[in-house]
Amino acid sequence: MTTSTPVDGRIALVTGGGSGLGRASALALLDAGWSVVVAGRRKEALEETLTLAATDPSRTLAVPTDIRNPDEVAALFDTARRRFGRVDLLFNNAGAAAPRRPITDTPFDDWKRVMDTIVTGGFLCAREAFRVMSTQSPAGGRIINNGAPSAHVPRPNSVAYTAAKHAVLGLTRVLSLDGRGHGIACGQIDVGNVAPLDGGPQPAALQADGTTAVEAVIPVERFTEAVLLMASMPLDTNIQSLTVLPTTMPFVGRG
């Protein structure tokens, strides 16, 4: 595999890049001049992302990857480095959700799938990013973890997702600390309600008092603008935590 020289030398790797916020972020990074590696389990979805980008193919790469598998994650980063020579940004975006149920009705399989994807997958990708970023020349890079308001304040009946996102917050903090000696910055973006990307209606959400309400949303562009802001910082500057949400969305004082 040959090494391509990107337009401006910046290489981003986005997990969960075949749909949703991962796809939107990959497209935004490409528009901003980055070369982008998209990873996810579905090859066809990843290739669709790159088709939507309509950019120079030398700046893109799709690598089907199950981020829960350490060997596949290692191969992902090895492939990215062989293609582009380095990795400057990891957007640790891939996630998983589960139906909202009381803890007594939460199947173990739901718990395991959410934790394996968000926590274990995030750890495995960060570990490989550290290995690459600390040894490349020039050394250093940035990791952005996709958290959630639930990393700070839970919604009802969301034990697996809330626990996983709290773990992401801990991961972000230790990566930020341990990355100092390697020129690696790590921050976390917590986004509130984003308007459904398929153009459908926003579903009603269960509130802490037992009622349901259709909450305010923001367009996905507000999210990708925030990701680009974090990604654009020089490595001597870190946005440790950034919360982006509709002004009237229940969060501060939630519950």
# chains A, B, ... in the order shown; residues from 1 in each chain; ligands from 1
$ closest_atom_pairs --of "region 47-103 of chain A" --to "region 162-174 of chain A" --cutoff "12 Å" --atoms "only C-alpha atoms" --output "tab-separated table"
residue	atom	partner	partner_atom	distance
A:Phe91	CA	A:Thr172	CA	11.9
A:Asn92	CA	A:Val168	CA	9.9
A:Asn93	CA	A:Val168	CA	10.8
A:Ala94	CA	A:Val168	CA	11.8
A:Gly95	CA	A:Ala164	CA	9.6
A:Ala96	CA	A:Ala164	CA	9.7
A:Ala97	CA	A:Thr162	CA	10.1
A:Ala98	CA	A:Thr162	CA	10.7
A:Arg100	CA	A:Thr162	CA	10.8
A:Ile103	CA	A:Thr162	CA	11.7
$ write_last_selection --atoms "all heavy atoms" --output "PDB file, in the first residue's frame"
ATOM      1  N   PHE A  91     -11.273  10.666  16.142  1.00  0.00           N
ATOM      2  CA  PHE A  91     -12.590  10.995  16.677  1.00  0.00           C
ATOM      3  C   PHE A  91     -13.219   9.689  17.109  1.00  0.00           C
ATOM      4  O   PHE A  91     -13.700   8.902  16.306  1.00  0.00           O
ATOM      5  CB  PHE A  91     -13.450  11.715  15.642  1.00  0.00           C
ATOM      6  CG  PHE A  91     -14.801  12.136  16.177  1.00  0.00           C
ATOM      7  CD1 PHE A  91     -14.988  12.451  17.518  1.00  0.00           C
ATOM      8  CD2 PHE A  91     -15.898  12.226  15.338  1.00  0.00           C
ATOM      9  CE1 PHE A  91     -16.225  12.833  18.016  1.00  0.00           C
ATOM     10  CE2 PHE A  91     -17.142  12.612  15.815  1.00  0.00           C
ATOM     11  CZ  PHE A  91     -17.303  12.910  17.155  1.00  0.00           C
ATOM     12  N   ASN A  92     -13.186   9.446  18.400  1.00  0.00           N
ATOM     13  CA  ASN A  92     -13.686   8.227  19.021  1.00  0.00           C
ATOM     14  C   ASN A  92     -15.205   8.353  19.126  1.00  0.00           C
ATOM     15  O   ASN A  92     -15.753   8.698  20.173  1.00  0.00           O
ATOM     16  CB  ASN A  92     -13.064   8.089  20.423  1.00  0.00           C
ATOM     17  CG  ASN A  92     -12.415   6.743  20.644  1.00  0.00           C
ATOM     18  OD1 ASN A  92     -12.641   5.784  19.908  1.00  0.00           O
ATOM     19  ND2 ASN A  92     -11.592   6.664  21.687  1.00  0.00           N
ATOM     20  N   ASN A  93     -15.886   8.072  18.030  1.00  0.00           N
ATOM     21  CA  ASN A  93     -17.301   8.402  17.921  1.00  0.00           C
ATOM     22  C   ASN A  93     -18.238   7.209  18.036  1.00  0.00           C
ATOM     23  O   ASN A  93     -19.378   7.354  18.463  1.00  0.00           O
ATOM     24  CB  ASN A  93     -17.545   9.097  16.572  1.00  0.00           C
ATOM     25  CG  ASN A  93     -18.998   9.137  16.190  1.00  0.00           C
ATOM     26  OD1 ASN A  93     -19.786   9.919  16.727  1.00  0.00           O
ATOM     27  ND2 ASN A  93     -19.397   8.263  15.259  1.00  0.00           N
ATOM     28  N   ALA A  94     -17.793   6.022  17.635  1.00  0.00           N
ATOM     29  CA  ALA A  94     -18.703   4.875  17.528  1.00  0.00           C
ATOM     30  C   ALA A  94     -19.419   4.622  18.855  1.00  0.00           C
ATOM     31  O   ALA A  94     -18.833   4.721  19.934  1.00  0.00           O
ATOM     32  CB  ALA A  94     -17.943   3.628  17.102  1.00  0.00           C
ATOM     33  N   GLY A  95     -20.699   4.301  18.752  1.00  0.00           N
ATOM     34  CA  GLY A  95     -21.490   4.070  19.958  1.00  0.00           C
ATOM     35  C   GLY A  95     -22.527   2.998  19.755  1.00  0.00           C
ATOM     36  O   GLY A  95     -22.623   2.384  18.689  1.00  0.00           O
ATOM     37  N   ALA A  96     -23.295   2.776  20.787  1.00  0.00           N
ATOM     38  CA  ALA A  96     -24.392   1.809  20.748  1.00  0.00           C
ATOM     39  C   ALA A  96     -25.439   2.262  21.744  1.00  0.00           C
ATOM     40  O   ALA A  96     -25.119   2.859  22.781  1.00  0.00           O
ATOM     41  CB  ALA A  96     -23.896   0.405  21.092  1.00  0.00           C
ATOM     42  N   ALA A  97     -26.677   1.991  21.419  1.00  0.00           N
ATOM     43  CA  ALA A  97     -27.781   2.343  22.306  1.00  0.00           C
ATOM     44  C   ALA A  97     -28.556   1.088  22.667  1.00  0.00           C
ATOM     45  O   ALA A  97     -28.377   0.021  22.065  1.00  0.00           O
ATOM     46  CB  ALA A  97     -28.696   3.359  21.635  1.00  0.00           C
ATOM     47  N   ALA A  98     -29.409   1.204  23.655  1.00  0.00           N
ATOM     48  CA  ALA A  98     -30.275   0.103  24.069  1.00  0.00           C
ATOM     49  C   ALA A  98     -31.641   0.681  24.420  1.00  0.00           C
ATOM     50  O   ALA A  98     -31.742   1.845  24.817  1.00  0.00           O
ATOM     51  CB  ALA A  98     -29.685  -0.621  25.272  1.00  0.00           C
ATOM     52  N   ARG A 100     -34.709   1.863  26.416  1.00  0.00           N
ATOM     53  CA  ARG A 100     -34.743   2.357  27.797  1.00  0.00           C
ATOM     54  C   ARG A 100     -35.675   1.490  28.629  1.00  0.00           C
ATOM     55  O   ARG A 100     -36.873   1.384  28.341  1.00  0.00           O
ATOM     56  CB  ARG A 100     -35.179   3.819  27.829  1.00  0.00           C
ATOM     57  CG  ARG A 100     -34.111   4.737  27.264  1.00  0.00           C
ATOM     58  CD  ARG A 100     -34.524   6.184  27.314  1.00  0.00           C
ATOM     59  NE  ARG A 100     -33.477   7.027  26.735  1.00  0.00           N
ATOM     60  CZ  ARG A 100     -33.641   8.296  26.405  1.00  0.00           C
ATOM     61  NH1 ARG A 100     -34.814   8.870  26.603  1.00  0.00           N
ATOM     62  NH2 ARG A 100     -32.656   8.980  25.881  1.00  0.00           N
ATOM     63  N   ILE A 103     -33.654  -0.979  35.375  1.00  0.00           N
ATOM     64  CA  ILE A 103     -32.501  -1.865  35.501  1.00  0.00           C
ATOM     65  C   ILE A 103     -32.931  -3.323  35.677  1.00  0.00           C
ATOM     66  O   ILE A 103     -32.279  -4.246  35.172  1.00  0.00           O
ATOM     67  CB  ILE A 103     -31.575  -1.419  36.655  1.00  0.00           C
ATOM     68  CG1 ILE A 103     -30.288  -2.255  36.653  1.00  0.00           C
ATOM     69  CG2 ILE A 103     -32.283  -1.481  37.993  1.00  0.00           C
ATOM     70  CD1 ILE A 103     -29.247  -1.745  37.626  1.00  0.00           C
TER      71      ILE A 103
END
$ select_by_dssp --residues "region 9-180 of chain A" --states "alpha helix (DSSP H)" --output "PyMOL selection string"
chain A and resi 20-31+43-53+70-84+108-115+121-133+159-178
$ closest_atom_pairs --of "region 143-218 of chain A" --to "region 223-230 of chain A" --cutoff "10 Å" --atoms "only C-alpha atoms" --output "Markdown table"
| residue | atom | partner | partner_atom | distance |
| --- | --- | --- | --- | --- |
| A:Ile143 | CA | A:Met230 | CA | 9.6 |
| A:Ile144 | CA | A:Met230 | CA | 7.8 |
| A:Asn146 | CA | A:Val227 | CA | 9.5 |
| A:Cys186 | CA | A:Met230 | CA | 9.6 |
| A:Gly187 | CA | A:Met230 | CA | 7.9 |
| A:Gln188 | CA | A:Met230 | CA | 9.0 |
| A:Ile189 | CA | A:Val227 | CA | 7.5 |
| A:Asp190 | CA | A:Phe223 | CA | 9.3 |
| A:Val191 | CA | A:Phe223 | CA | 6.9 |
| A:Gly192 | CA | A:Phe223 | CA | 9.1 |
| A:Asn193 | CA | A:Phe223 | CA | 10.0 |
| A:Val194 | CA | A:Phe223 | CA | 7.9 |
| A:Ile218 | CA | A:Phe223 | CA | 8.2 |
$ closest_residue --among "A:Leu27, A:Ile118, A:Met133, A:Ile67" --to "Ala151 (chain A)" --atoms "only C-alpha atoms"
A:Ile118
$ closest_residue --among "A:Ser134, A:Ser241, A:Thr79, A:Asn69" --to "Asp116 (chain A)" --atoms "only C-alpha atoms"
A:Asn69
$ residues_around --residues "Ala12 (chain A)" --least-positions-apart "3" --cutoff "8 Å" --atoms "only C-alpha atoms" --output "list in words"
Leu29, Trp34, Ser35, Val36, Val37, Val87, Asp88, Leu89, Leu90 and Phe91 of chain A
$ atom_distance --atom1 "CA of Gly40 (chain A)" --atom2 "CA of Val63 (chain A)"
7.1 Å
$ residues_around --residues "Asp198 (chain A)" --least-positions-apart "4" --cutoff "12 Å" --atoms "only C-alpha atoms" --output "PyMOL selection string"
chain A and resi 19-21+194+202+219-220
$ atom_distance --atom1 "CA of Asp71 (chain A)" --atom2 "CA of Thr15 (chain A)"
15.4 Å
$ closest_residue --among "A:Pro250, A:Pro196, A:Gly179, A:Pro149" --to "Ala213 (chain A)" --atoms "only C-alpha atoms"
A:Pro250
$ residues_around --residues "Pro156 (chain A)" --least-positions-apart "2" --cutoff "9 Å" --atoms "only C-alpha atoms" --output "PDB file with C-alpha atoms, in the first residue's frame"
ATOM      1  CA  ARG A 100     -34.743   2.357  27.797  1.00  0.00           C
ATOM      2  CA  ARG A 101     -35.842  -0.013  30.529  1.00  0.00           C
ATOM      3  CA  PRO A 102     -35.680  -0.163  34.335  1.00  0.00           C
ATOM      4  CA  PRO A 154     -28.642  10.612  33.427  1.00  0.00           C
ATOM      5  CA  SER A 158     -30.744   4.274  30.824  1.00  0.00           C
ATOM      6  CA  VAL A 159     -28.387   2.319  33.060  1.00  0.00           C
ATOM      7  CA  LEU A 206     -39.308  10.352  29.022  1.00  0.00           C
ATOM      8  CA  GLN A 207     -38.751  13.009  31.680  1.00  0.00           C
ATOM      9  CA  ALA A 208     -37.654  12.486  35.258  1.00  0.00           C
ATOM     10  CA  GLY A 210     -42.636  10.398  34.429  1.00  0.00           C
ATOM     11  CA  GLY A 255     -34.398  15.597  37.072  1.00  0.00           C
TER      12      GLY A 255
END
$ select_by_dssp --residues "region 7-210 of chain A" --states "strand (DSSP E or B)" --output "PDB file with N, CA, C and O atoms, in the first residue's frame"
ATOM      1  N   ILE A  11      -4.340  14.187   9.092  1.00  0.00           N
ATOM      2  CA  ILE A  11      -5.013  12.909   8.894  1.00  0.00           C
ATOM      3  C   ILE A  11      -5.933  12.649  10.078  1.00  0.00           C
ATOM      4  O   ILE A  11      -5.500  12.644  11.229  1.00  0.00           O
ATOM      5  N   ALA A  12      -7.210  12.418   9.806  1.00  0.00           N
ATOM      6  CA  ALA A  12      -8.198  12.118  10.849  1.00  0.00           C
ATOM      7  C   ALA A  12      -8.717  10.704  10.664  1.00  0.00           C
ATOM      8  O   ALA A  12      -8.882  10.222   9.538  1.00  0.00           O
ATOM      9  N   LEU A  13      -8.993  10.053  11.776  1.00  0.00           N
ATOM     10  CA  LEU A  13      -9.626   8.735  11.773  1.00  0.00           C
ATOM     11  C   LEU A  13     -10.915   8.850  12.571  1.00  0.00           C
ATOM     12  O   LEU A  13     -10.904   9.278  13.725  1.00  0.00           O
ATOM     13  N   VAL A  14     -12.028   8.482  11.937  1.00  0.00           N
ATOM     14  CA  VAL A  14     -13.350   8.624  12.546  1.00  0.00           C
ATOM     15  C   VAL A  14     -13.984   7.245  12.677  1.00  0.00           C
ATOM     16  O   VAL A  14     -14.186   6.555  11.669  1.00  0.00           O
ATOM     17  N   THR A  15     -14.299   6.834  13.893  1.00  0.00           N
ATOM     18  CA  THR A  15     -15.006   5.569  14.074  1.00  0.00           C
ATOM     19  C   THR A  15     -16.513   5.811  14.008  1.00  0.00           C
ATOM     20  O   THR A  15     -16.998   6.905  14.281  1.00  0.00           O
ATOM     21  N   SER A  35      -7.552  14.811   5.415  1.00  0.00           N
ATOM     22  CA  SER A  35      -7.734  13.485   4.843  1.00  0.00           C
ATOM     23  C   SER A  35      -8.350  12.621   5.931  1.00  0.00           C
ATOM     24  O   SER A  35      -8.017  12.772   7.114  1.00  0.00           O
ATOM     25  N   VAL A  36      -9.259  11.728   5.541  1.00  0.00           N
ATOM     26  CA  VAL A  36     -10.078  11.039   6.548  1.00  0.00           C
ATOM     27  C   VAL A  36     -10.131   9.539   6.290  1.00  0.00           C
ATOM     28  O   VAL A  36     -10.404   9.097   5.166  1.00  0.00           O
ATOM     29  N   VAL A  37      -9.906   8.791   7.368  1.00  0.00           N
ATOM     30  CA  VAL A  37     -10.126   7.349   7.401  1.00  0.00           C
ATOM     31  C   VAL A  37     -11.421   7.118   8.157  1.00  0.00           C
ATOM     32  O   VAL A  37     -11.563   7.588   9.300  1.00  0.00           O
ATOM     33  N   VAL A  38     -12.369   6.430   7.539  1.00  0.00           N
ATOM     34  CA  VAL A  38     -13.612   6.115   8.228  1.00  0.00           C
ATOM     35  C   VAL A  38     -13.616   4.631   8.568  1.00  0.00           C
ATOM     36  O   VAL A  38     -13.250   3.788   7.746  1.00  0.00           O
ATOM     37  N   ALA A  39     -14.022   4.324   9.785  1.00  0.00           N
ATOM     38  CA  ALA A  39     -14.065   2.948  10.263  1.00  0.00           C
ATOM     39  C   ALA A  39     -15.455   2.630  10.774  1.00  0.00           C
ATOM     40  O   ALA A  39     -16.161   3.495  11.312  1.00  0.00           O
ATOM     41  N   GLY A  40     -15.851   1.390  10.622  1.00  0.00           N
ATOM     42  CA  GLY A  40     -17.146   0.915  11.090  1.00  0.00           C
ATOM     43  C   GLY A  40     -17.328  -0.513  10.618  1.00  0.00           C
ATOM     44  O   GLY A  40     -16.542  -1.022   9.817  1.00  0.00           O
ATOM     45  N   THR A  60      -9.141   9.854   1.102  1.00  0.00           N
ATOM     46  CA  THR A  60     -10.120   9.077   1.864  1.00  0.00           C
ATOM     47  C   THR A  60      -9.728   7.610   1.910  1.00  0.00           C
ATOM     48  O   THR A  60      -9.035   7.093   1.028  1.00  0.00           O
ATOM     49  N   LEU A  61     -10.197   6.939   2.948  1.00  0.00           N
ATOM     50  CA  LEU A  61      -9.972   5.506   3.097  1.00  0.00           C
ATOM     51  C   LEU A  61     -11.063   4.941   3.987  1.00  0.00           C
ATOM     52  O   LEU A  61     -11.365   5.501   5.049  1.00  0.00           O
ATOM     53  N   ALA A  62     -11.674   3.855   3.551  1.00  0.00           N
ATOM     54  CA  ALA A  62     -12.677   3.145   4.352  1.00  0.00           C
ATOM     55  C   ALA A  62     -12.085   1.825   4.829  1.00  0.00           C
ATOM     56  O   ALA A  62     -11.572   1.051   4.014  1.00  0.00           O
ATOM     57  N   VAL A  63     -12.161   1.581   6.142  1.00  0.00           N
ATOM     58  CA  VAL A  63     -11.606   0.352   6.715  1.00  0.00           C
ATOM     59  C   VAL A  63     -12.672  -0.319   7.579  1.00  0.00           C
ATOM     60  O   VAL A  63     -12.910   0.106   8.721  1.00  0.00           O
ATOM     61  N   PRO A  64     -13.345  -1.336   7.065  1.00  0.00           N
ATOM     62  CA  PRO A  64     -14.323  -2.052   7.896  1.00  0.00           C
ATOM     63  C   PRO A  64     -13.650  -2.604   9.149  1.00  0.00           C
ATOM     64  O   PRO A  64     -12.625  -3.292   9.062  1.00  0.00           O
ATOM     65  N   LEU A  89      -5.562  12.905  14.234  1.00  0.00           N
ATOM     66  CA  LEU A  89      -6.796  13.062  14.990  1.00  0.00           C
ATOM     67  C   LEU A  89      -7.549  11.746  15.018  1.00  0.00           C
ATOM     68  O   LEU A  89      -7.762  11.121  13.972  1.00  0.00           O
ATOM     69  N   LEU A  90      -7.938  11.313  16.195  1.00  0.00           N
ATOM     70  CA  LEU A  90      -8.899  10.226  16.360  1.00  0.00           C
ATOM     71  C   LEU A  90     -10.192  10.827  16.891  1.00  0.00           C
ATOM     72  O   LEU A  90     -10.188  11.433  17.964  1.00  0.00           O
ATOM     73  N   PHE A  91     -11.273  10.666  16.142  1.00  0.00           N
ATOM     74  CA  PHE A  91     -12.590  10.995  16.677  1.00  0.00           C
ATOM     75  C   PHE A  91     -13.219   9.689  17.109  1.00  0.00           C
ATOM     76  O   PHE A  91     -13.700   8.902  16.306  1.00  0.00           O
ATOM     77  N   ASN A  92     -13.186   9.446  18.400  1.00  0.00           N
ATOM     78  CA  ASN A  92     -13.686   8.227  19.021  1.00  0.00           C
ATOM     79  C   ASN A  92     -15.205   8.353  19.126  1.00  0.00           C
ATOM     80  O   ASN A  92     -15.753   8.698  20.173  1.00  0.00           O
ATOM     81  N   GLY A 141      -0.666  14.307  18.609  1.00  0.00           N
ATOM     82  CA  GLY A 141      -1.959  14.206  17.946  1.00  0.00           C
ATOM     83  C   GLY A 141      -3.063  14.575  18.910  1.00  0.00           C
ATOM     84  O   GLY A 141      -2.815  15.026  20.037  1.00  0.00           O
ATOM     85  N   ARG A 142      -4.289  14.377  18.474  1.00  0.00           N
ATOM     86  CA  ARG A 142      -5.442  14.747  19.282  1.00  0.00           C
ATOM     87  C   ARG A 142      -6.476  13.628  19.241  1.00  0.00           C
ATOM     88  O   ARG A 142      -6.699  13.005  18.189  1.00  0.00           O
ATOM     89  N   ILE A 143      -7.107  13.402  20.381  1.00  0.00           N
ATOM     90  CA  ILE A 143      -8.223  12.471  20.493  1.00  0.00           C
ATOM     91  C   ILE A 143      -9.435  13.257  20.968  1.00  0.00           C
ATOM     92  O   ILE A 143      -9.355  14.009  21.947  1.00  0.00           O
ATOM     93  N   ILE A 144     -10.542  13.108  20.255  1.00  0.00           N
ATOM     94  CA  ILE A 144     -11.822  13.669  20.693  1.00  0.00           C
ATOM     95  C   ILE A 144     -12.754  12.508  20.963  1.00  0.00           C
ATOM     96  O   ILE A 144     -13.034  11.706  20.066  1.00  0.00           O
ATOM     97  N   ASN A 145     -13.210  12.387  22.192  1.00  0.00           N
ATOM     98  CA  ASN A 145     -14.175  11.356  22.558  1.00  0.00           C
ATOM     99  C   ASN A 145     -15.588  11.913  22.467  1.00  0.00           C
ATOM    100  O   ASN A 145     -15.858  13.017  22.941  1.00  0.00           O
ATOM    101  N   ASN A 146     -16.465  11.150  21.854  1.00  0.00           N
ATOM    102  CA  ASN A 146     -17.866  11.558  21.780  1.00  0.00           C
ATOM    103  C   ASN A 146     -18.572  11.075  23.040  1.00  0.00           C
ATOM    104  O   ASN A 146     -18.817   9.882  23.214  1.00  0.00           O
ATOM    105  N   ILE A 184       0.031  14.588  23.090  1.00  0.00           N
ATOM    106  CA  ILE A 184      -1.305  14.128  22.710  1.00  0.00           C
ATOM    107  C   ILE A 184      -2.336  14.853  23.560  1.00  0.00           C
ATOM    108  O   ILE A 184      -2.306  14.775  24.796  1.00  0.00           O
ATOM    109  N   ALA A 185      -3.230  15.570  22.913  1.00  0.00           N
ATOM    110  CA  ALA A 185      -4.316  16.271  23.602  1.00  0.00           C
ATOM    111  C   ALA A 185      -5.588  15.434  23.494  1.00  0.00           C
ATOM    112  O   ALA A 185      -5.839  14.802  22.473  1.00  0.00           O
ATOM    113  N   CYS A 186      -6.378  15.444  24.546  1.00  0.00           N
ATOM    114  CA  CYS A 186      -7.636  14.690  24.520  1.00  0.00           C
ATOM    115  C   CYS A 186      -8.738  15.511  25.156  1.00  0.00           C
ATOM    116  O   CYS A 186      -8.582  16.038  26.266  1.00  0.00           O
ATOM    117  N   GLY A 187      -9.850  15.617  24.437  1.00  0.00           N
ATOM    118  CA  GLY A 187     -11.013  16.318  24.957  1.00  0.00           C
ATOM    119  C   GLY A 187     -12.275  15.535  24.639  1.00  0.00           C
ATOM    120  O   GLY A 187     -12.246  14.513  23.938  1.00  0.00           O
ATOM    121  N   GLN A 188     -13.388  16.017  25.161  1.00  0.00           N
ATOM    122  CA  GLN A 188     -14.667  15.314  24.998  1.00  0.00           C
ATOM    123  C   GLN A 188     -15.742  16.291  24.563  1.00  0.00           C
ATOM    124  O   GLN A 188     -15.844  17.404  25.076  1.00  0.00           O
ATOM    125  N   ILE A 189     -16.551  15.865  23.596  1.00  0.00           N
ATOM    126  CA  ILE A 189     -17.701  16.654  23.179  1.00  0.00           C
ATOM    127  C   ILE A 189     -18.968  15.934  23.620  1.00  0.00           C
ATOM    128  O   ILE A 189     -19.133  14.734  23.401  1.00  0.00           O
ATOM    129  N   ASP A 190     -19.842  16.661  24.284  1.00  0.00           N
ATOM    130  CA  ASP A 190     -21.120  16.127  24.768  1.00  0.00           C
ATOM    131  C   ASP A 190     -22.228  16.888  24.051  1.00  0.00           C
ATOM    132  O   ASP A 190     -22.431  18.078  24.290  1.00  0.00           O
ATOM    133  N   VAL A 191     -22.933  16.204  23.173  1.00  0.00           N
ATOM    134  CA  VAL A 191     -23.945  16.870  22.372  1.00  0.00           C
ATOM    135  C   VAL A 191     -25.336  16.464  22.831  1.00  0.00           C
ATOM    136  O   VAL A 191     -25.581  15.292  23.147  1.00  0.00           O
ATOM    137  N   VAL A 194     -29.797  16.303  18.647  1.00  0.00           N
ATOM    138  CA  VAL A 194     -29.564  16.695  17.265  1.00  0.00           C
ATOM    139  C   VAL A 194     -30.783  16.275  16.449  1.00  0.00           C
ATOM    140  O   VAL A 194     -31.307  15.171  16.620  1.00  0.00           O
ATOM    141  N   ALA A 205     -39.452  12.255  24.620  1.00  0.00           N
ATOM    142  CA  ALA A 205     -38.497  11.672  25.564  1.00  0.00           C
ATOM    143  C   ALA A 205     -39.113  11.601  26.954  1.00  0.00           C
ATOM    144  O   ALA A 205     -39.813  12.534  27.396  1.00  0.00           O
ATOM    145  N   LEU A 206     -38.852  10.507  27.648  1.00  0.00           N
ATOM    146  CA  LEU A 206     -39.308  10.352  29.022  1.00  0.00           C
ATOM    147  C   LEU A 206     -38.572  11.330  29.920  1.00  0.00           C
ATOM    148  O   LEU A 206     -37.354  11.433  29.881  1.00  0.00           O
TER     149      LEU A 206
END
